[in-house]
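Here the structure comes first, spelled out in structure tokens, and everything after it is commentary.
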Amino acid sequence: MSLLTLLKRAQNNDESAMVEIIERFEPKIRKSLKFTDIGVREDIRQEIVFRMIRAVKTYSTTNSSLIRK
């Protein structure tokens, strides 16, 4: 399923779509956190996920850069 489709579903309160979006980005999140202090790593990860959820909920899907031509 495309990221745009997941985004639209998540914006319509589809929890499974939001989980899939987060799971798709999890490897990138973990890789970037590898360089942070282990004592705060999980806190930072949670903050990133929180901000991702907020970004998904507020993102305008009419943005033409997401639409494949």
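Scheme for the structure tokens: letters A, B, ... for chains in order shown; per-chain residue numbers from 1; ligand numbers from 1 in order shown.
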Worksheet entry | Polymer residues at most 9 Å from stretch 6-17 of chain A, only C-alpha atoms, same-chain spacing of 2 or more positions, as an MDAnalysis selection string | chainID A and resid 1:4 19:22 53 56:59 61
For A:Val49, list every protein, DNA or RNA residue within 12 Å, evaluated using only C-alpha atoms, and leave out those in the same chain fewer than 5 positions away; present the list as a PDB file with N, CA and C atoms, in the first residue's frame.
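Output contents, as saved in result.pdb:
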ATOM      1  N   MET A  18      -1.976   4.095  10.825  1.00  0.00           N
ATOM      2  CA  MET A  18      -0.984   4.886  11.564  1.00  0.00           C
ATOM      3  C   MET A  18       0.144   3.984  12.068  1.00  0.00           C
ATOM      4  N   VAL A  19      -0.211   2.817  12.564  1.00  0.00           N
ATOM      5  CA  VAL A  19       0.803   1.866  13.046  1.00  0.00           C
ATOM      6  C   VAL A  19       1.719   1.461  11.895  1.00  0.00           C
ATOM      7  N   ILE A  21       2.461   3.169   9.189  1.00  0.00           N
ATOM      8  CA  ILE A  21       3.338   4.297   8.857  1.00  0.00           C
ATOM      9  C   ILE A  21       4.518   4.341   9.820  1.00  0.00           C
ATOM     10  N   ILE A  22       4.228   4.238  11.101  1.00  0.00           N
ATOM     11  CA  ILE A  22       5.289   4.272  12.115  1.00  0.00           C
ATOM     12  C   ILE A  22       6.246   3.105  11.917  1.00  0.00           C
ATOM     13  N   GLU A  23       5.718   1.922  11.656  1.00  0.00           N
ATOM     14  CA  GLU A  23       6.565   0.743  11.440  1.00  0.00           C
ATOM     15  C   GLU A  23       7.464   0.912  10.216  1.00  0.00           C
ATOM     16  N   ARG A  24       6.954   1.554   9.186  1.00  0.00           N
ATOM     17  CA  ARG A  24       7.774   1.772   7.989  1.00  0.00           C
ATOM     18  C   ARG A  24       8.966   2.681   8.273  1.00  0.00           C
ATOM     19  N   PHE A  25       8.787   3.633   9.181  1.00  0.00           N
ATOM     20  CA  PHE A  25       9.865   4.565   9.496  1.00  0.00           C
ATOM     21  C   PHE A  25      10.713   4.115  10.679  1.00  0.00           C
ATOM     22  N   GLU A  26      10.316   3.077  11.358  1.00  0.00           N
ATOM     23  CA  GLU A  26      11.032   2.608  12.547  1.00  0.00           C
ATOM     24  C   GLU A  26      12.516   2.333  12.295  1.00  0.00           C
ATOM     25  N   LYS A  28      14.566   3.742  10.226  1.00  0.00           N
ATOM     26  CA  LYS A  28      15.256   5.026  10.095  1.00  0.00           C
ATOM     27  C   LYS A  28      15.354   5.733  11.443  1.00  0.00           C
ATOM     28  N   ILE A  29      14.299   5.627  12.228  1.00  0.00           N
ATOM     29  CA  ILE A  29      14.304   6.241  13.562  1.00  0.00           C
ATOM     30  C   ILE A  29      15.380   5.580  14.415  1.00  0.00           C
ATOM     31  N   ARG A  30      15.378   4.263  14.459  1.00  0.00           N
ATOM     32  CA  ARG A  30      16.356   3.541  15.276  1.00  0.00           C
ATOM     33  C   ARG A  30      17.794   3.816  14.823  1.00  0.00           C
ATOM     34  N   GLU A  42      15.013   6.083  24.331  1.00  0.00           N
ATOM     35  CA  GLU A  42      13.596   5.725  24.236  1.00  0.00           C
ATOM     36  C   GLU A  42      12.712   6.965  24.360  1.00  0.00           C
ATOM     37  N   ASP A  43      13.096   7.907  25.201  1.00  0.00           N
ATOM     38  CA  ASP A  43      12.326   9.150  25.325  1.00  0.00           C
ATOM     39  C   ASP A  43      12.316   9.910  24.003  1.00  0.00           C
ATOM     40  N   ILE A  44      13.460   9.976  23.361  1.00  0.00           N
ATOM     41  CA  ILE A  44      13.550  10.673  22.072  1.00  0.00           C
ATOM     42  C   ILE A  44      12.737   9.939  21.018  1.00  0.00           C
ATOM     43  N   ARG A  54       1.321  13.592  14.935  1.00  0.00           N
ATOM     44  CA  ARG A  54       0.774  14.950  14.792  1.00  0.00           C
ATOM     45  C   ARG A  54       0.944  15.444  13.355  1.00  0.00           C
ATOM     46  N   ALA A  55       2.080  15.163  12.744  1.00  0.00           N
ATOM     47  CA  ALA A  55       2.329  15.585  11.361  1.00  0.00           C
ATOM     48  C   ALA A  55       1.372  14.890  10.394  1.00  0.00           C
ATOM     49  N   VAL A  56       1.141  13.600  10.603  1.00  0.00           N
ATOM     50  CA  VAL A  56       0.213  12.860   9.740  1.00  0.00           C
ATOM     51  C   VAL A  56      -1.181  13.452   9.856  1.00  0.00           C
TER      52      VAL A  56
END
Worksheet item: How many Å lie between atom CA of A:Gln46 and atom CA of A:Ser60, rounded to one decimal?
Response: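 Distance between the two atoms: 23.5 Å.
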